[in-house]
Amino acid sequence: MKPTFTLLTALLLAPLAMLHAADIAVSSLDLKLAANSTGYRATANSSNVGKPITLGGVNYANGLGSHSRFRLAIDCHGMAKRFTATVGVNDAGSKQYDNVVFRVEGDGKKLWMSPVMKVGDAPLPIDVDLTGVNQLVLWLRCGELPGGGADGPGDWANATITYEGEAPVAVDSVLPRKILTPPEALTPRINGARVYGARPGNPFLFYVPVTGARPMKVTASGLPNGLILDSASGIITGTTPAAGTYEVKLTATNARGSDTRELQIVSGETLALTPPMGFNSWNGFSRKVTQEIMLTQAEAMASSGLRDHGYAYVNIDDFWEVQNKADWDVKLHGAERDEQGRINSNARFPDMPGLTAAIHKLGLKAGIYSTPGPTTCGGCVGSWQHEEKDAQRFSDWGFDYLKYDWCSYNTVVQGKYEDKPYAMKPYAQMGELLRKQKRDIVYSLCQYGMANVWEWAAEVGGNTWRTTHDIGDSWGSMAGIGFKQGGHEAFVKPGCWNDPDMMVAGNMGYRNTNLDDDEQYTHVSLWSLLAAPLLLGCDMRQMDEFTHNVLCNDEVIEVNQDPLGRMASRIATHGETQVWAKPMSDGSMAVGLFNLGDETVSVSTTWNELKLTGPQQVRDLWRQKDLGKQAGGFTADIPRHGCMLIRLFLAKQ
Ligand code: GAL
């Protein structure tokens, strides 16, 4: 048999041996099969920004234009020999923002990867051996540098595959989404904060977040006098009772079962006893925000189920105010204030009290934005010299949250940014005014971390303080901000939260986030460990399954909302991996293992470095799965830019 088989094989292979090498331009493949970031398509023989392929002043007639999150998978049938190209960022890109990484993979392994490239960098030649490779993948990512944008036209000039035999073909290049959170149970589960702070005598509003099949009935025992729970809607309203701590037992019941949980209502001075969770209009809608958008976002927060995981604040950012300078939208024009000096909303927000009432009816809270300067960062009317009237106005309109953004303050009051009294003054003034209102108004300081704001934010009544300039939806920006937050732990406690800026997960209103799935897990895990406000920047009307999974994992949110209110610390850095740990109120420890590098690596932590003694039960929070008892540590393989979030409970010996 053997000689016959060998002969047959030789006969079959003979035609291949006679094959000649041929070249195929990647631009001639079916580029419709490539994966791209929303709004972009891979282009043949031109850049992705509608310009010729021009790198370092040289024009290339042939090649491939690609943009953020481009991925093209090519079936080479194991018959390709080489891949060659010259890559770089198109000369038409933004010198200031664009930064791009090119990568070539063969059957899942890295064959070539560029450093981060910017406009004007010398183009790099690629020449890789493809012998034996079945699937070739070309991919590109933008925004890997901190502070950089998430765009950038990356060109693959003269991209060519040399092959013998069957010609390579493009195949569907869209990767399946990585959904880790198990589906929500139909049985009731009460979620969100376990402790809630409100001020005595002020209006009280709290929605009990519950997942499970509807109809759902929510009941409470131990509710103090003055508060009423509507069993059908799950909304508690009334007037906050006298100062004190009230232990309330909540029960949610549906046709399939019931769940019970304690809610501690703390009537006192401190608001935001857990980090605020909600939505802010800036990342998704920026200058285009309207009353209609805010209302539909609030409705979507309820209907998408986000509300049942604890998301509650619906915050308008800039551009609700009048802006007479811009001539691109007359709807922003108008009288800045009324005859009594009260600030007016612009024509896009015809009825502020109506808007907040509609938001409150859903059991949600409403937020607004202003600046101590004369104009906001968007050039709209600010609170300068009208602080008292504005605080009163925000309260009268029914707002529950104020983001107060430094913006133009330094144009009217000069000083050194690092001078604490200078930086504190306008925030102390507004803090005092908010405190005088007959409403609970959470106070969010936005001055990008000047004068070590974390050291004094609590003193001026601040509940949250931004630590950096604006976040963008790129790895460079998100990770650049998130992993720099260590060192502020001593200042974080219930009512006082370090704010590394809003979330950039999900659909950003005009396109999907540029963060890939692993990067979004890292983002939400890190923000949860950091006890940061979870303020979504995505369009909640467009929640896909992945976004829901990454924003609505109750075991992850529990890390963020833990009543102890501690912020995680960086415990270890090994090469491009980091371990962060957050002590939890029940004595357990939430631990994030992060891989900031480009290749999958094994990341470890030990109970020793976490200062834990005894064996630990390990729970995988994203998968909501017990991983068993571990004697002295834990190790996991973590993909590029990905993470593992675990919770450790002391195990019985
Ligand atoms: C920036 C602030 C952003 C957004 C914007 C509005 O200063 O950091 O979060 O509020 O102003 O103009």
# chains A, B, ... in the order shown; residues from 1 in each chain; ligands from 1
call {"tool": "residues_near_ligand", "arguments": {"ligand": "ligand 1", "cutoff": "7 Å", "atoms": "only C-alpha atoms and all ligand atoms", "output": "ChimeraX atom specification"}}
result
/A:282,317-318,376-378,405,407,446,448,469-470
call {"tool": "write_last_selection", "arguments": {"atoms": "N, CA, C and O atoms", "output": "compact mmCIF listing (two decimals), in the first residue's frame"}}
result
# COMPACT_ATOMS: atom_id res chain seq x y z
N TRP A 282 -22.16 64.80 26.88
CA TRP A 282 -21.06 65.39 26.13
C TRP A 282 -20.41 64.44 25.12
O TRP A 282 -20.25 64.77 23.95
N ASP A 317 -24.80 68.22 29.57
CA ASP A 317 -23.51 68.90 29.64
C ASP A 317 -23.68 70.28 29.01
O ASP A 317 -24.76 70.88 29.06
N ASP A 318 -22.65 70.78 28.39
CA ASP A 318 -22.66 72.12 27.80
C ASP A 318 -23.71 72.21 26.67
O ASP A 318 -24.15 71.19 26.14
N THR A 376 -18.85 79.17 29.06
CA THR A 376 -18.48 77.76 29.20
C THR A 376 -17.38 77.43 28.20
O THR A 376 -17.03 78.27 27.35
N CYS A 377 -16.91 76.20 28.25
CA CYS A 377 -15.86 75.81 27.31
C CYS A 377 -16.39 75.84 25.87
O CYS A 377 -15.64 75.95 24.93
N GLY A 378 -17.71 75.74 25.71
CA GLY A 378 -18.31 75.82 24.38
C GLY A 378 -18.73 77.24 24.02
O GLY A 378 -19.42 77.44 23.02
N ASP A 405 -17.59 73.52 35.58
CA ASP A 405 -16.40 73.38 34.73
C ASP A 405 -15.63 74.70 34.68
O ASP A 405 -16.17 75.73 34.26
N CYS A 407 -13.40 76.25 32.75
CA CYS A 407 -13.48 76.96 31.46
C CYS A 407 -12.83 78.34 31.47
O CYS A 407 -11.62 78.44 31.56
N CYS A 446 -15.10 70.08 37.88
CA CYS A 446 -14.42 69.77 36.63
C CYS A 446 -13.39 70.87 36.40
O CYS A 446 -13.75 71.97 35.98
N TYR A 448 -9.98 69.59 35.74
CA TYR A 448 -8.91 68.80 35.10
C TYR A 448 -7.74 68.48 36.04
O TYR A 448 -6.63 68.22 35.58
N HIS A 469 -7.68 66.10 31.68
CA HIS A 469 -8.37 66.66 30.52
C HIS A 469 -9.30 65.59 29.94
O HIS A 469 -9.33 64.46 30.41
N ASP A 470 -10.01 65.98 28.89
CA ASP A 470 -11.09 65.12 28.41
C ASP A 470 -10.61 63.75 27.91
O ASP A 470 -9.60 63.64 27.21
call {"tool": "residues_around", "arguments": {"residues": "Met430 of chain A", "least_positions_apart": "2", "cutoff": "10 Å", "atoms": "only C-alpha atoms", "output": "list in words"}}
result
Thr371, Pro372, Ser383, Glu387, Glu388, Asp390, Ala391, Leu402, Tyr404, Lys425, Pro426, Tyr427, Ala428, Glu432, Leu433, Leu434, Arg435, Lys436, Tyr443, Val460, Gly461 and Gly462 of chain A
call {"tool": "residues_around", "arguments": {"residues": "Glu321 of chain A", "least_positions_apart": "2", "cutoff": "6 Å", "atoms": "only C-alpha atoms", "output": "mmCIF file with N, CA and C atoms, in the first residue's frame"}}
result
data_model
loop_
_atom_site.group_PDB
_atom_site.id
_atom_site.type_symbol
_atom_site.label_atom_id
_atom_site.label_comp_id
_atom_site.auth_asym_id
_atom_site.auth_seq_id
_atom_site.Cartn_x
_atom_site.Cartn_y
_atom_site.Cartn_z
ATOM 1 N N PHE A 319 -24.066 73.437 26.311
ATOM 2 C CA PHE A 319 -24.942 73.756 25.167
ATOM 3 C C PHE A 319 -26.431 73.684 25.451
ATOM 4 N N SER A 345 -32.462 79.076 29.429
ATOM 5 C CA SER A 345 -32.000 77.974 28.578
ATOM 6 C C SER A 345 -32.201 78.422 27.130
ATOM 7 N N ASN A 346 -31.479 77.810 26.201
ATOM 8 C CA ASN A 346 -31.662 78.196 24.800
ATOM 9 C C ASN A 346 -32.908 77.514 24.221
ATOM 10 N N CYS A 380 -20.809 79.209 25.711
ATOM 11 C CA CYS A 380 -22.168 79.571 26.132
ATOM 12 C C CYS A 380 -22.094 80.396 27.428
ATOM 13 N N VAL A 381 -23.256 80.858 27.866
ATOM 14 C CA VAL A 381 -23.300 81.728 29.059
ATOM 15 C C VAL A 381 -22.909 80.949 30.313
#
call {"tool": "residues_around", "arguments": {"residues": "Thr547 of chain A", "least_positions_apart": "5", "cutoff": "12 Å", "atoms": "only C-alpha atoms", "output": "PyMOL selection string"}}
result
chain A and resi 177-181+304-306+503-508+512-513+515-517+520-521+524+536-542+552-553
call {"tool": "residues_around", "arguments": {"residues": "Ser94 of chain A", "least_positions_apart": "4", "cutoff": "9 Å", "atoms": "only C-alpha atoms", "output": "ChimeraX atom specification"}}
result
/A:98-99,118-119,151-152
call {"tool": "select_by_dssp", "arguments": {"residues": "segment 380-435 of chain A", "states": "strand (DSSP E or B)", "output": "list of chain:residue names"}}
result
A:Val381, A:Tyr401, A:Leu402, A:Lys403, A:Tyr404, A:Asp405
call {"tool": "write_last_selection", "arguments": {"atoms": "C-alpha atoms", "output": "compact mmCIF listing (two decimals), in the first residue's frame"}}
result
# COMPACT_ATOMS: atom_id res chain seq x y z
CA VAL A 381 -23.30 81.73 29.06
CA TYR A 401 -26.50 67.26 39.98
CA LEU A 402 -24.22 70.09 38.86
CA LYS A 403 -21.02 69.71 36.86
CA TYR A 404 -19.08 72.93 37.37
CA ASP A 405 -16.40 73.38 34.73
call {"tool": "select_by_dssp", "arguments": {"residues": "segment 276-435 of chain A", "states": "helix (DSSP H, G or I)", "output": "PyMOL selection string"}}
result
chain A and resi 282-288+291-303+306-309+330-332+352-361+387-397+409-412+420-435
call {"tool": "closest_residue", "arguments": {"among": "A:Cys142, A:Ala159, A:Val128, A:Phe279", "to": "Pro115 of chain A", "atoms": "only C-alpha atoms"}}
result
A:Cys142
call {"tool": "closest_residue", "arguments": {"among": "A:Pro153, A:Gly592, A:Gly238, A:Gly78", "to": "Ala572 of chain A", "atoms": "only C-alpha atoms"}}
result
A:Gly592
call {"tool": "atom_distance", "arguments": {"atom1": "atom CA of Leu526 of chain A", "atom2": "atom CA of Lys109 of chain A"}}
result
27.7 Å
call {"tool": "closest_residue", "arguments": {"among": "A:Leu145, A:Ala255, A:Val289, A:Ala312", "to": "Ala347 of chain A", "atoms": "only C-alpha atoms"}}
result
A:Val289
call {"tool": "closest_residue", "arguments": {"among": "A:Trp384, A:Phe70, A:Trp454, A:Tyr60", "to": "Asn48 of chain A", "atoms": "only C-alpha atoms"}}
result
A:Phe70
call {"tool": "residues_around", "arguments": {"residues": "Thr613 of chain A", "least_positions_apart": "3", "cutoff": "10 Å", "atoms": "only C-alpha atoms", "output": "CSV table (one decimal) with N, CA and C atoms, in the first residue's frame"}}
result
chain,number,residue,atom,x,y,z
A,607,TRP,N,-1.4,36.0,47.0
A,607,TRP,CA,-2.1,36.5,48.2
A,607,TRP,C,-1.1,37.3,49.0
A,608,ASN,N,0.1,37.0,48.9
A,608,ASN,CA,1.2,37.7,49.6
A,608,ASN,C,1.2,39.2,49.2
A,610,LEU,N,-1.0,40.8,47.8
A,610,LEU,CA,-2.3,41.4,48.1
A,610,LEU,C,-2.5,41.6,49.6
A,616,GLN,N,-7.9,31.4,49.2
A,616,GLN,CA,-9.0,32.2,48.8
A,616,GLN,C,-9.9,31.5,47.8
A,631,ALA,N,-4.6,28.3,46.8
A,631,ALA,CA,-3.8,28.3,48.1
A,631,ALA,C,-3.0,29.6,48.2
A,632,GLY,N,-2.3,30.1,47.1
A,632,GLY,CA,-1.4,31.2,47.3
A,632,GLY,C,-1.4,32.3,46.3
A,650,LEU,N,-12.1,34.9,51.6
A,650,LEU,CA,-11.3,34.0,52.4
A,650,LEU,C,-12.0,32.6,52.4
A,651,ALA,N,-11.2,31.5,52.1
A,651,ALA,CA,-11.8,30.2,52.0
A,651,ALA,C,-11.6,29.5,53.4
call {"tool": "closest_residue", "arguments": {"among": "A:Arg337, A:Arg640, A:Lys438, A:His488", "to": "Lys110 of chain A", "atoms": "only C-alpha atoms"}}
result
A:Arg640
call {"tool": "closest_residue", "arguments": {"among": "A:Glu519, A:Ala272, A:Val579, A:Asp544", "to": "Gly486 of chain A", "atoms": "only C-alpha atoms"}}
result
A:Val579
call {"tool": "atom_distance", "arguments": {"atom1": "atom CA of Thr274 of chain A", "atom2": "atom CA of Val492 of chain A"}}
result
10.6 Å
call {"tool": "residues_around", "arguments": {"residues": "Cys76 of chain A", "least_positions_apart": "2", "cutoff": "9 Å", "atoms": "only C-alpha atoms", "output": "ChimeraX atom specification"}}
result
/A:74,78-80,130,132-136,161,163,166-170
